[in-house]
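Asks: File target-v2.cif follows (mmCIF, C-alpha atoms and all ligand atoms):
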```
data_work
loop_
_atom_site.label_atom_id
_atom_site.label_comp_id
_atom_site.auth_asym_id
_atom_site.auth_seq_id
_atom_site.Cartn_x
_atom_site.Cartn_y
_atom_site.Cartn_z
CA MET A 14 12.22 -109.48 199.55
CA SER A 15 10.46 -111.67 202.13
CA ALA A 16 9.99 -115.19 203.50
CA LYS A 17 13.64 -116.24 203.31
CA HIS A 18 15.36 -118.79 205.44
CA ALA A 19 18.71 -117.92 207.02
CA PRO A 20 20.41 -120.90 208.67
CA VAL A 21 21.88 -120.92 212.18
CA GLY A 22 25.34 -119.34 212.14
CA SER A 23 24.60 -117.13 209.15
CA PHE A 24 24.73 -113.34 209.07
CA LEU A 25 22.27 -110.92 207.52
CA THR A 26 21.63 -107.19 207.53
CA ILE A 27 18.63 -105.18 208.62
CA GLY A 28 17.93 -101.48 208.94
CA THR A 29 15.87 -99.65 211.55
CA GLU A 30 12.65 -100.41 209.69
CA GLN A 31 13.35 -104.14 209.97
CA LEU A 32 14.33 -103.74 213.63
CA GLN A 33 10.79 -102.46 214.15
CA ALA A 34 9.50 -105.39 212.08
CA LEU A 35 11.47 -107.74 214.37
CA MET A 36 9.64 -106.31 217.40
CA ASP A 37 6.31 -106.63 215.59
CA VAL A 38 6.97 -110.25 214.58
CA LEU A 39 7.99 -111.13 218.15
CA LYS A 40 4.81 -109.54 219.49
CA ALA A 41 2.69 -111.34 216.89
CA ALA A 42 4.35 -114.59 218.01
CA GLY A 43 3.02 -113.93 221.53
CA TYR A 44 6.08 -112.43 223.21
CA ARG A 45 6.14 -109.52 225.61
CA THR A 46 9.01 -107.46 224.16
CA ILE A 47 11.30 -105.74 226.63
CA GLY A 48 14.49 -103.77 226.12
CA PRO A 49 16.48 -100.72 227.22
CA ARG A 50 14.46 -97.57 227.90
CA LEU A 51 15.17 -94.20 229.39
CA MET A 52 13.41 -93.97 232.76
CA ASP A 53 14.17 -91.89 235.85
CA SER A 54 17.51 -90.67 234.43
CA ALA A 55 18.80 -94.18 233.84
CA ILE A 56 18.57 -96.82 231.14
CA VAL A 57 16.56 -99.76 232.42
CA PHE A 58 14.61 -102.65 230.92
CA GLY A 59 11.00 -101.84 230.13
CA ASP A 60 8.26 -102.81 227.68
CA LEU A 61 9.14 -101.92 224.11
CA ASP A 62 6.64 -101.39 221.30
CA LYS A 63 8.45 -98.96 219.05
CA ILE A 64 12.12 -98.51 218.22
CA GLU A 65 11.70 -94.80 219.07
CA GLN A 66 11.48 -95.95 222.71
CA LEU A 67 15.09 -97.19 222.54
CA PRO A 68 17.62 -94.75 224.05
CA VAL A 69 19.12 -93.79 220.67
CA GLY A 70 21.75 -91.06 221.02
CA TYR A 71 22.37 -91.64 224.73
CA LEU A 72 25.62 -92.60 226.41
CA ASP A 73 25.97 -93.55 230.06
CA ARG A 74 28.96 -92.19 231.98
CA GLN A 75 29.72 -94.60 234.79
CA ASP A 76 32.35 -94.77 237.50
CA GLY A 77 32.62 -95.77 241.15
CA GLY A 78 29.41 -94.48 242.78
CA SER A 79 28.39 -92.43 239.76
CA TYR A 80 26.06 -92.76 236.76
CA ARG A 81 25.10 -89.98 234.34
CA LEU A 82 23.40 -89.96 230.97
CA GLU A 83 24.62 -87.74 228.19
CA HIS A 84 23.14 -87.04 224.77
CA ASP A 85 25.45 -87.51 221.82
CA ASP A 86 24.15 -87.21 218.26
CA ALA A 87 26.74 -89.73 217.07
CA ALA A 88 25.61 -92.43 219.52
CA GLY A 89 23.58 -95.32 218.13
CA TYR A 90 20.65 -97.32 219.50
CA PHE A 91 22.74 -99.46 221.86
CA ASP A 92 25.82 -97.38 222.70
CA HIS A 93 24.95 -97.27 226.38
CA VAL A 94 26.25 -100.26 228.39
CA VAL A 95 24.52 -101.98 231.31
CA GLY A 96 22.12 -100.12 233.60
CA PRO A 97 21.11 -100.84 237.20
CA GLN A 98 18.73 -103.62 236.17
CA SER A 99 19.47 -106.97 234.67
CA LEU A 100 17.27 -109.74 233.37
CA LYS A 101 17.19 -111.14 236.91
CA ARG A 102 14.15 -109.06 237.84
CA PHE A 103 12.11 -110.62 235.00
CA LEU A 104 13.07 -114.28 235.56
CA TYR A 105 13.55 -114.21 239.33
CA PRO A 106 11.42 -111.22 240.41
CA PRO A 107 12.18 -109.15 243.53
CA GLY A 108 9.07 -110.54 245.23
CA GLU A 109 6.65 -113.39 244.60
CA THR A 110 4.19 -115.69 246.34
CA LEU A 111 5.42 -119.28 246.65
CA LEU A 112 2.50 -120.80 248.52
CA GLU A 113 -1.02 -119.85 249.57
CA SER A 114 -2.78 -121.42 252.55
CA VAL A 115 -6.48 -121.02 253.25
CA ARG A 116 -8.28 -122.33 256.34
CA THR A 117 -11.79 -123.53 255.65
CA ASN A 118 -13.88 -125.20 258.39
CA GLY A 119 -10.76 -125.62 260.50
CA GLN A 120 -8.82 -127.36 257.72
CA TRP A 121 -5.80 -125.79 256.03
CA GLN A 122 -5.47 -126.18 252.30
CA MET A 123 -2.25 -125.20 250.61
CA LYS A 124 -1.44 -124.63 247.00
CA ALA A 125 1.39 -123.11 245.02
CA PRO A 126 0.14 -120.41 242.64
CA THR A 127 0.29 -121.61 239.03
CA ILE A 128 2.85 -119.74 236.99
CA GLU A 129 1.92 -119.30 233.35
CA PRO A 130 4.10 -116.39 232.36
CA LYS A 131 3.75 -114.64 229.05
CA PRO A 132 6.88 -115.48 227.03
CA ILE A 133 9.44 -112.68 227.09
CA ALA A 134 11.63 -111.51 224.22
CA VAL A 135 14.47 -109.36 225.51
CA ILE A 136 16.21 -107.02 223.10
CA GLY A 137 19.65 -105.62 223.85
CA LEU A 138 21.14 -108.15 226.26
CA ARG A 139 24.95 -107.84 226.51
CA ALA A 140 27.63 -110.51 226.70
CA CYS A 141 28.12 -110.12 230.47
CA ASP A 142 24.40 -110.53 231.06
CA LEU A 143 24.25 -113.67 228.91
CA HIS A 144 27.01 -115.11 231.11
CA ALA A 145 25.08 -114.02 234.21
CA LEU A 146 22.01 -115.79 232.85
CA ALA A 147 24.03 -118.99 232.39
CA ILE A 148 25.17 -118.70 236.03
CA GLN A 149 21.61 -118.18 237.28
CA ASP A 150 20.57 -121.22 235.24
CA LYS A 151 23.18 -123.30 237.09
CA VAL A 152 22.04 -122.01 240.48
CA LEU A 153 18.28 -122.16 239.96
CA LEU A 154 17.94 -125.06 237.51
CA GLY A 155 21.15 -127.06 237.79
CA GLY A 156 20.96 -128.50 241.30
CA PRO A 157 18.68 -131.07 242.91
CA TYR A 158 16.12 -128.34 243.76
CA VAL A 159 14.86 -126.65 240.62
CA ASP A 160 13.05 -123.33 241.04
CA PRO A 161 9.80 -124.01 239.12
CA ASN A 162 8.89 -120.34 238.70
CA TYR A 163 12.29 -119.47 237.23
CA GLU A 164 12.08 -122.56 235.02
CA ALA A 165 8.66 -121.55 233.66
CA ARG A 166 9.89 -118.06 232.76
CA ARG A 167 13.25 -119.22 231.42
CA GLU A 168 11.81 -121.87 229.10
CA ASN A 169 10.10 -119.36 226.85
CA LEU A 170 12.75 -116.65 226.79
CA PHE A 171 13.78 -115.26 223.39
CA ILE A 172 17.10 -113.39 223.39
CA VAL A 173 18.14 -110.69 220.97
CA ALA A 174 21.67 -109.92 222.17
CA VAL A 175 23.75 -106.89 221.21
CA ASN A 176 27.51 -106.63 220.85
CA CYS A 177 28.85 -103.65 222.82
CA ARG A 178 30.64 -100.93 220.84
CA ARG A 179 31.96 -99.17 223.93
CA ALA A 180 32.74 -100.09 227.53
CA ALA A 181 32.32 -98.08 230.72
CA PRO A 182 35.40 -97.66 232.96
CA THR A 183 33.59 -99.97 235.40
CA CYS A 184 33.34 -102.87 232.92
CA PHE A 185 35.79 -105.75 233.38
CA CYS A 186 34.01 -108.50 231.44
CA HIS A 187 37.21 -109.02 229.40
CA SER A 188 39.06 -110.20 232.50
CA MET A 189 36.21 -112.53 233.53
CA ASN A 190 36.00 -114.16 230.06
CA ALA A 191 32.43 -112.89 229.91
CA GLY A 192 32.66 -110.29 227.13
CA PRO A 193 32.64 -107.97 225.37
CA ALA A 194 31.80 -110.31 222.44
CA VAL A 195 28.46 -112.10 222.49
CA ASP A 196 29.50 -115.67 221.78
CA ASP A 197 26.76 -118.02 222.94
CA GLY A 198 23.29 -118.32 224.44
CA PHE A 199 21.38 -116.00 222.07
CA ASP A 200 18.66 -116.51 219.47
CA LEU A 201 19.77 -113.47 217.49
CA ALA A 202 22.77 -111.19 218.00
CA LEU A 203 22.91 -107.66 216.61
CA THR A 204 25.94 -105.51 215.89
CA GLU A 205 25.23 -101.92 214.97
CA VAL A 206 27.24 -100.87 211.92
CA ASN A 207 26.64 -97.51 210.22
CA ARG A 208 23.02 -97.27 211.48
CA ASN A 209 22.31 -100.76 210.17
CA PHE A 210 22.43 -103.99 212.17
CA VAL A 211 24.36 -107.09 211.23
CA VAL A 212 22.35 -109.99 212.65
CA GLU A 213 23.83 -113.36 213.55
CA ILE A 214 21.35 -116.24 213.72
CA GLY A 215 21.98 -118.20 216.92
CA THR A 216 19.18 -120.79 217.02
CA PRO A 217 16.46 -122.32 214.83
CA LYS A 218 13.98 -120.24 216.85
CA GLY A 219 15.93 -117.13 215.80
CA ALA A 220 15.92 -118.24 212.17
CA GLU A 221 12.16 -118.78 212.31
CA ILE A 222 11.52 -115.29 213.66
CA MET A 223 13.67 -113.76 210.89
CA PHE A 224 11.80 -115.70 208.20
CA ASP A 225 9.19 -113.02 207.53
CA ILE A 226 11.49 -110.04 207.95
CA ASP A 227 12.75 -108.24 204.89
CA TRP A 228 16.48 -108.70 205.52
CA LEU A 229 19.39 -108.48 203.10
CA PRO A 230 22.51 -110.58 202.83
CA PRO A 231 25.31 -108.45 204.31
CA ALA A 232 28.12 -107.10 202.17
CA ARG A 233 31.49 -108.76 202.97
CA ASN A 234 32.79 -105.55 204.53
CA GLU A 235 29.73 -105.36 206.82
CA ILE A 236 30.52 -108.74 208.42
CA ASP A 237 34.18 -107.71 208.78
CA GLU A 238 33.14 -104.39 210.32
CA ALA A 239 30.76 -106.14 212.72
CA GLN A 240 33.47 -108.57 213.82
CA ALA A 241 35.97 -105.71 214.19
CA VAL A 242 33.57 -103.92 216.58
CA VAL A 243 34.10 -106.49 219.33
CA THR A 244 37.73 -107.37 218.65
CA ASN A 245 38.64 -103.66 218.67
CA LEU A 246 36.68 -103.06 221.85
CA LYS A 247 38.41 -105.93 223.65
CA ALA A 248 41.83 -104.64 222.53
CA GLU A 249 40.85 -101.12 223.65
CA MET A 250 39.75 -102.39 227.09
CA GLU A 251 43.03 -104.25 227.52
CA SER A 252 45.09 -101.30 226.40
CA ARG A 253 43.16 -98.83 228.64
CA GLU A 254 43.56 -101.23 231.53
CA ARG A 255 47.37 -101.41 231.00
CA ARG A 256 47.67 -97.62 230.63
CA SER A 257 45.66 -96.95 233.76
CA HIS A 258 48.04 -99.01 235.96
CA GLY A 259 49.46 -96.52 238.46
CA ASN A 260 48.49 -93.56 236.24
CA ARG A 261 45.60 -91.65 237.73
CA GLU A 262 45.37 -89.33 234.70
CA ALA A 263 44.85 -92.12 232.12
CA PRO A 264 41.30 -93.23 231.22
CA ARG A 265 40.46 -96.01 233.60
CA GLN A 266 39.43 -99.57 232.83
CA ARG A 267 38.75 -102.01 235.64
CA TYR A 268 40.45 -105.37 235.57
CA LEU A 269 40.30 -108.33 237.93
CA ASN A 270 43.27 -110.65 238.17
CA THR A 271 41.52 -113.99 238.71
CA SER A 272 44.66 -116.09 238.96
CA SER A 273 44.33 -118.42 242.02
CA ILE A 274 41.65 -116.05 243.31
CA HIS A 275 39.85 -118.83 245.18
CA ASP A 276 42.87 -119.62 247.35
CA LEU A 277 43.99 -116.00 247.58
CA LEU A 278 40.74 -114.95 249.24
CA LEU A 279 40.28 -118.00 251.43
CA GLU A 280 43.87 -117.75 252.69
CA ASN A 281 43.29 -114.13 253.67
CA LEU A 282 40.13 -114.37 255.72
CA GLU A 283 41.63 -112.23 258.45
CA HIS A 284 43.31 -109.69 256.22
CA HIS A 285 43.16 -106.10 257.51
CA ARG A 286 41.56 -104.97 254.22
CA TRP A 287 38.18 -106.39 255.36
CA THR A 288 38.02 -103.95 258.25
CA GLU A 289 39.30 -101.09 256.10
CA VAL A 290 36.60 -101.56 253.48
CA ALA A 291 34.01 -101.92 256.25
CA ARG A 292 34.79 -98.37 257.44
CA ARG A 293 33.38 -97.10 254.12
CA CYS A 294 30.72 -99.75 253.47
CA LEU A 295 27.19 -98.68 254.49
CA ALA A 296 25.91 -102.30 254.41
CA CYS A 297 23.10 -100.98 252.22
CA GLY A 298 23.05 -104.07 250.00
CA ASN A 299 22.88 -102.08 246.72
CA CYS A 300 25.72 -104.17 245.29
CA THR A 301 23.74 -107.38 245.79
CA MET A 302 20.48 -105.92 244.43
CA VAL A 303 22.06 -104.76 241.15
CA CYS A 304 24.22 -107.85 240.70
CA PRO A 305 22.81 -110.06 237.91
CA THR A 306 23.91 -113.27 239.65
CA CYS A 307 23.14 -112.67 243.36
CA PHE A 308 20.17 -114.85 244.23
CA CYS A 309 19.77 -114.71 248.03
CA ALA A 310 16.19 -114.35 249.18
CA ALA A 311 14.21 -114.27 252.41
CA VAL A 312 10.99 -116.20 252.82
CA GLU A 313 8.26 -115.19 255.25
CA GLU A 314 4.67 -116.12 256.01
CA VAL A 315 2.23 -113.23 255.73
CA SER A 316 -1.20 -113.63 257.29
CA ASP A 317 -4.29 -111.52 256.69
CA LEU A 318 -6.14 -110.03 259.67
CA SER A 319 -8.58 -112.91 259.94
CA GLY A 320 -5.74 -115.44 260.20
CA GLU A 321 -7.54 -117.63 257.67
CA HIS A 322 -5.36 -116.80 254.72
CA VAL A 323 -1.56 -117.03 254.76
CA ARG A 324 0.83 -116.38 251.92
CA ARG A 325 4.43 -117.57 251.78
CA GLU A 326 6.32 -114.70 250.19
CA ARG A 327 9.82 -114.71 248.82
CA ALA A 328 11.71 -111.42 248.43
CA TRP A 329 15.28 -110.65 247.38
CA ASP A 330 17.52 -110.36 250.39
CA SER A 331 21.12 -109.35 250.87
CA CYS A 332 24.01 -110.91 252.78
CA PHE A 333 24.73 -107.36 253.98
CA THR A 334 21.76 -107.35 256.37
CA ALA A 335 22.06 -108.53 259.97
CA GLU A 336 18.90 -110.63 259.60
CA HIS A 337 20.29 -112.63 256.69
CA SER A 338 22.65 -114.59 258.95
CA TYR A 339 20.24 -114.76 261.90
CA MET A 340 20.13 -118.20 263.52
CA ASN A 341 18.82 -119.48 266.82
CA THR A 342 21.77 -117.96 268.67
CA GLY A 343 21.48 -114.59 266.94
CA THR A 344 23.17 -112.95 263.98
CA VAL A 345 26.22 -114.89 262.87
CA ARG A 346 27.84 -112.11 260.84
CA LYS A 347 27.64 -109.21 263.26
CA SER A 348 30.14 -106.82 261.68
CA THR A 349 30.04 -105.11 258.29
CA ALA A 350 33.56 -106.48 257.72
CA SER A 351 32.30 -110.04 258.07
CA ARG A 352 29.37 -109.34 255.70
CA TYR A 353 31.54 -107.74 253.03
CA ARG A 354 33.95 -110.67 253.38
CA GLN A 355 31.06 -113.11 253.02
CA TRP A 356 29.85 -111.41 249.85
CA LEU A 357 33.23 -111.16 248.15
CA THR A 358 34.52 -114.59 249.11
CA HIS A 359 31.26 -116.20 248.03
CA LYS A 360 31.12 -114.31 244.75
CA LEU A 361 34.72 -114.99 243.73
CA ALA A 362 35.79 -118.11 245.64
CA THR A 363 33.24 -120.41 247.28
CA TRP A 364 30.79 -119.91 244.39
CA GLN A 365 33.34 -121.93 242.41
CA ASP A 366 33.07 -124.78 244.95
CA GLN A 367 29.28 -124.67 244.85
CA PHE A 368 28.57 -124.12 241.17
CA GLY A 369 31.85 -124.68 239.31
CA THR A 370 31.98 -121.06 238.11
CA SER A 371 32.77 -117.60 239.38
CA GLY A 372 29.76 -115.65 240.62
CA CYS A 373 31.00 -112.51 238.86
CA VAL A 374 30.81 -111.61 235.17
CA GLY A 375 32.52 -108.22 235.38
CA CYS A 376 29.46 -106.11 234.55
CA GLY A 377 30.62 -103.42 237.01
CA ARG A 378 27.13 -102.67 238.34
CA CYS A 379 28.19 -103.13 241.97
CA ILE A 380 30.92 -100.49 241.47
CA THR A 381 28.66 -97.92 239.80
CA TRP A 382 25.72 -98.34 242.17
CA CYS A 383 27.66 -98.51 245.43
CA PRO A 384 26.87 -95.13 247.02
CA VAL A 385 30.43 -94.83 248.32
CA GLY A 386 32.12 -96.27 245.22
CA ILE A 387 33.54 -99.45 246.76
CA ASP A 388 35.19 -101.38 243.97
CA LEU A 389 35.69 -105.14 244.24
CA THR A 390 38.56 -105.07 241.73
CA GLU A 391 40.42 -102.66 244.02
CA GLU A 392 39.66 -104.76 247.09
CA VAL A 393 41.00 -107.94 245.51
CA ALA A 394 44.08 -106.11 244.17
CA ALA A 395 44.76 -104.71 247.65
CA ILE A 396 44.58 -108.18 249.19
CA ARG A 397 46.73 -109.63 246.41
CA GLY A 398 49.29 -106.85 246.57
CA SER A 399 49.85 -106.58 250.28
CA GLU A 400 51.06 -108.89 252.95
CA ASP A 401 48.85 -109.16 255.99
CA SER A 402 50.23 -106.79 258.60
CA ALA A 403 49.71 -105.30 262.00
CA GLY A 404 46.08 -104.63 261.01
CA ALA A 405 45.41 -108.36 261.11
CA LYS A 406 45.06 -108.33 264.87
CA GLU A 407 42.35 -105.66 264.75
CA ALA A 408 40.70 -107.45 261.81
CA ARG A 409 40.63 -110.74 263.73
CA ALA A 410 39.00 -109.02 266.71
CA VAL A 411 36.32 -107.32 264.57
CA LEU A 412 35.56 -110.39 262.49
CA ALA A 413 35.29 -112.58 265.57
CA SER A 414 32.96 -110.18 267.41
S1 LIG B 501 29.77 -102.37 249.19
FE1 LIG B 501 28.67 -100.44 248.69
S2 LIG B 501 26.74 -101.11 247.80
FE2 LIG B 501 27.61 -102.90 248.85
S3 LIG B 501 26.70 -102.83 250.92
FE3 LIG B 501 28.66 -101.71 251.04
S4 LIG B 501 28.10 -99.52 250.67
FE4 LIG B 501 26.33 -100.76 249.99
S1 LIG B 502 29.86 -108.81 241.53
FE1 LIG B 502 29.63 -106.77 240.59
S2 LIG B 502 30.76 -106.86 238.66
FE2 LIG B 502 30.46 -108.98 239.36
S3 LIG B 502 28.57 -109.65 238.34
FE3 LIG B 502 27.94 -108.83 240.34
S4 LIG B 502 27.47 -106.66 239.96
FE4 LIG B 502 28.61 -107.41 238.17
#
```
Mind turning the file's structure into structure tokens?

Replies:
Amino acid sequence: MSAKHAPVGSFLTIGTEQLQALMDVLKAAGYRTIGPRLMDSAIVFGDLDKIEQLPVGYLDRQDGGSYRLEHDDAAGYFDHVVGPQSLKRFLYPPGETLLESVRTNGQWQMKAPTIEPKPIAVIGLRACDLHALAIQDKVLLGGPYVDPNYEARRENLFIVAVNCRRAAPTCFCHSMNAGPAVDDGFDLALTEVNRNFVVEIGTPKGAEIMFDIDWLPPARNEIDEAQAVVTNLKAEMESRERRSHGNREAPRQRYLNTSSIHDLLLENLEHHRWTEVARRCLACGNCTMVCPTCFCAAVEEVSDLSGEHVRRERAWDSCFTAEHSYMNTGTVRKSTASRYRQWLTHKLATWQDQFGTSGCVGCGRCITWCPVGIDLTEEVAAIRGSEDSAGAKEARAVLAS
């Protein structure tokens, strides 16, 4: 069977052979195909040519400050969850040149490098990361100053999303309304069912790509099974989260109570918890580097030795560094407590004022990749659950210093 049209919103079934065909068709259409790959003992996004490069049979065990891979014969192609990387590094790379200046005969000429990126097709993007992408779109495309480089890369993105079949204990997408079901923003969405994939067509572009692939109409029970994958996972996350309340033995599931979180955090700017968390925080910035929505960057001019050629370079930066808040009078946020407070209140409160959305999608990366296991869900719960106390005086002194 070939050359069949499947309309947007329809479901179809493919096997592993057709998953390979999907990669081949995307490549033939001019896309660079990227997806999850096993590298340096983690699952990260890399170039994908063959489905054998997918981490089939691998599960990731994640918790505060810990990440381990385990082989499990029963695990499918996408039974890992999110790794340390997100799509951010492909659309908004860690470093890039914004402007080049050359002095010729005493005259400076400046030009912005032309960005003509090869279109990217990403395979295996999860619900939380689709929500993170929508947030980055608001930040980098939605305001009066559009980032042209991000725009050029974003325009040609093709998304093959995947519905998660399991969640790590660090995942709390269900409490951020950002998962686990993939519900929007994809060209194609896959759900792995019995070593086959039920594919939902999300856009006309997705339908076009599937046109030459030898797919089959799914059996009724396959669509039901695919839909049950995400509804069961959400129910399981909620149940694990309830069972883990106050029970250290129960399997853990993070949860963030977002009710009035904007006011809660901004009314507790001098809470003693900021200084307590700062005693553990290394101010390393890992949490901001792995976060799929953090977008802070530093810009500096880099000259060659002749002084005739200067590049304006942008690189990811972190609000945890002293330099990030440096102004003419010095560093504004001198203490780690004030930097952690800046990060958390921006992410969960003032981000809402700026962009009309939370800055967090509950992917849990900042919990897993924090070397000391600092957990924002615990920090918010501690602030919510405790009255400010005698520690407030010390906190005020540290935060004001
Ligand atoms: S919270 Fe953790 S990851 Fe973030 S700066 Fe502090 S120690 Fe580093
Ligand atoms: S703050 Fe943490 S959990 Fe939220 S989106 Fe960023 S990395 Fe994920």

Asks: Between CA of Lys218 in chain A and CA of Pro130 in chain A, measure the distance and give it in Å to one decimal.

Replies: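 Computing it gives 18.8 Å between the two atoms.
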
Asks: Output the neighbourhood of ligand LIG 501 (chain B) as a ChimeraX atom specification, that is, all protein and nucleic acid residues with some atom at most 7 Å from the ligand, counting only C-alpha atoms and all ligand atoms.

Replies: /A:293-301,333,353,379,382-387

Asks: Given all atoms listed in the file as the basis, pick out the residue of A:Phe103, A:Phe308, A:Tyr158, A:Trp364 nearest to Lys131 in chain A.

Replies: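 Closest to Lys131 in chain A of all the choices is A:Phe103.
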
Asks: Can you measure CA of Val211 in chain A to CA of Val243 in chain A for me? One decimal in Å is fine.

Replies: 12.7 Å

Asks: Choose the residue, out of A:Arg116, A:His144, A:Lys63, A:Arg233, that has the smallest atom-to-atom separation from Asn190 in chain A; count all atoms listed in the file.

Replies: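 Answer, going by the shortest atom-to-atom distance: A:His144.
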
Asks: Please identify the residues whose atoms come within 9 Å of ligand LIG 502 (chain B), using only C-alpha atoms and all ligand atoms, and report them as a PyMOL selection string.

Replies: chain A and resi 141-142+145+183-186+189+300-307+356-357+360-361+371-382+388-390

Asks: Which neighbours of range 44-54 of chain A fall inside 10 Å, counting all atoms listed in the file, when residues of the same chain fewer than 3 positions from it are skipped, and could you give them as a PyMOL selection string?

Replies: chain A and resi 36-41+57-69+71+73+80-83+90-91+93-96+98+100+103+130-138+169-171+173

Asks: Using all atoms listed in the file, which of the listed residues (A:Ser316, A:Thr110, A:Gln240, A:Ser331) sits closest to Arg178 in chain A?

Replies: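 Smallest distance to Arg178 in chain A is found for A:Gln240.
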
Asks: Excluding Gly198 in chain A and any residue of its chain fewer than 2 positions from it, enumerate the residues within 9 Å of it, using only C-alpha atoms, and give them as a ChimeraX atom specification.

Replies: /A:143-144,146-147,172,174,195-196,200,215-216

Asks: Got time to write the residues from that selection, C-alpha atoms, as a compact mmCIF listing (two decimals), in the coordinates of the input?

Replies:
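What ended up in result12.txt:
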```txt
# COMPACT_ATOMS: atom_id res chain seq x y z
CA LEU A 143 24.25 -113.67 228.91
CA HIS A 144 27.01 -115.11 231.11
CA LEU A 146 22.01 -115.79 232.85
CA ALA A 147 24.03 -118.99 232.39
CA ILE A 172 17.10 -113.39 223.39
CA ALA A 174 21.67 -109.92 222.17
CA VAL A 195 28.46 -112.10 222.49
CA ASP A 196 29.50 -115.67 221.78
CA ASP A 200 18.66 -116.51 219.47
CA GLY A 215 21.98 -118.20 216.92
CA THR A 216 19.18 -120.79 217.02
```

Asks: Would you kindly return, as a list in words, each protein, DNA or RNA residue with an atom no farther than 9 Å from any atom of Leu154 in chain A, considering all atoms listed in the file and excluding same-chain residues fewer than 6 positions away?

Replies: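 Contacts, in chain order: Asp160, Pro161, Tyr163 and Glu164 of chain A.
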
Asks: Include C-alpha atoms and write out the residues we just selected as a compact mmCIF listing (two decimals), keeping the file's coordinate frame.

Replies:
```txt
# COMPACT_ATOMS: atom_id res chain seq x y z
CA ASP A 160 13.05 -123.33 241.04
CA PRO A 161 9.80 -124.01 239.12
CA TYR A 163 12.29 -119.47 237.23
CA GLU A 164 12.08 -122.56 235.02
```

Asks: As a list in words, please: the residues near His322 in chain A (cut-off 12 Å, only C-alpha atoms, same-chain neighbours under 6 positions excluded).

Replies: Leu112, Glu113, Ser114, Val115, Arg116, Thr117, Gly119, Gln120, Trp121, Gln122, Met123, Lys124, Glu314, Val315 and Ser316 of chain A

Asks: Tell me which residues come within 7 Å of (29.1, -121.0, 235.4), as a PyMOL selection string, counting only C-alpha atoms in the file's coordinates.

Replies: chain A and resi 147-148+151+368-371

Asks: Find the residue from A:Gly77, A:Gly192, A:Gly156, A:Pro20 that sits nearest to Arg267 in chain A; use only C-alpha atoms when measuring.

Replies: A:Gly77

Asks: Closest to Glu254 in chain A among A:Ala180, A:Ile214, A:Leu412, A:Val152, using all atoms listed in the file?

Replies: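 Distance minimum relative to Glu254 in chain A lands on A:Ala180.
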
Asks: Can you pull out the residues contacting range 338-350 of chain A? Cut-off 6 Å, using all atoms listed in the file, and skip same-chain residues under 5 positions away; I want them as a PyMOL selection string.

Replies: chain A and resi 287-288+291

Asks: Rounded to one decimal place, report the CA of Arg265 in chain A-CA of Met250 in chain A distance in Å.

Replies: 9.1 Å

Asks: Determine, using all atoms listed in the file, which residues of range 212-249 of chain A have any atom at most 12 Å from an atom of range 24-35 of chain A, and tabulate each with its shortest atom pair and distance in Å to one decimal place, rows ordered by chain and then rising number, as CSV.

Replies:
```
residue,atom,partner,partner_atom,distance
A:Val212,CA,A:Leu25,CA,5.2
A:Glu213,CA,A:Phe24,CA,4.6
A:Ile214,CA,A:Phe24,CA,6.4
A:Gly215,CA,A:Phe24,CA,9.6
A:Gly219,CA,A:Leu35,CA,10.5
A:Ala220,CA,A:Phe24,CA,10.5
A:Glu221,CA,A:Leu35,CA,11.3
A:Ile222,CA,A:Leu35,CA,7.6
A:Met223,CA,A:Leu35,CA,7.3
A:Phe224,CA,A:Leu35,CA,10.1
A:Asp225,CA,A:Ala34,CA,8.9
A:Ile226,CA,A:Gln31,CA,6.5
A:Asp227,CA,A:Gln31,CA,6.6
A:Trp228,CA,A:Ile27,CA,5.2
A:Leu229,CA,A:Thr26,CA,5.1
A:Pro230,CA,A:Leu25,CA,4.7
A:Pro231,CA,A:Thr26,CA,5.0
A:Ala232,CA,A:Thr26,CA,8.4
A:Arg233,CA,A:Phe24,CA,10.2
A:Asn234,CA,A:Thr26,CA,11.7
A:Glu235,CA,A:Thr26,CA,8.3
A:Ile236,CA,A:Phe24,CA,7.4
A:Asp237,CA,A:Phe24,CA,11.0
A:Ala239,CA,A:Phe24,CA,10.1
A:Gln240,CA,A:Phe24,CA,11.0
```

Asks: Find the residue from A:Arg397, A:Arg327, A:Arg179, A:His359 that sits nearest to Leu277 in chain A; use only C-alpha atoms when measuring.

Replies: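 Once distances to Leu277 in chain A are computed over only C-alpha atoms, the minimum belongs to A:Arg397.
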
Asks: Mind listing whatever residues come within 8 Å of the point (29.0, -98.1, 208.5)? Use all atoms listed in the file, file coordinates, and give them as a list in words.

Replies: Val206, Asn207, Arg208, Asn209, Glu235 and Glu238 of chain A

Asks: Could you model N, CA and C atoms for range 238-242 of chain A and present them as a JSON list (two decimals), in the coordinates of the input?

Replies:
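Output contents, as saved in selection_9.json:
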```json
[["chain", "number", "residue", "atom", "x", "y", "z"],
["A", 238, "GLU", "N", 33.28, -105.55, 209.41],
["A", 238, "GLU", "CA", 33.14, -104.39, 210.32],
["A", 238, "GLU", "C", 32.47, -104.81, 211.63],
["A", 239, "ALA", "N", 31.46, -105.68, 211.51],
["A", 239, "ALA", "CA", 30.76, -106.14, 212.72],
["A", 239, "ALA", "C", 31.72, -106.93, 213.61],
["A", 240, "GLN", "N", 32.54, -107.77, 213.00],
["A", 240, "GLN", "CA", 33.47, -108.57, 213.82],
["A", 240, "GLN", "C", 34.56, -107.68, 214.43],
["A", 241, "ALA", "N", 34.93, -106.63, 213.68],
["A", 241, "ALA", "CA", 35.97, -105.71, 214.19],
["A", 241, "ALA", "C", 35.45, -104.92, 215.40],
["A", 242, "VAL", "N", 34.14, -104.69, 215.46],
["A", 242, "VAL", "CA", 33.57, -103.92, 216.58],
["A", 242, "VAL", "C", 33.99, -104.55, 217.91]]
```
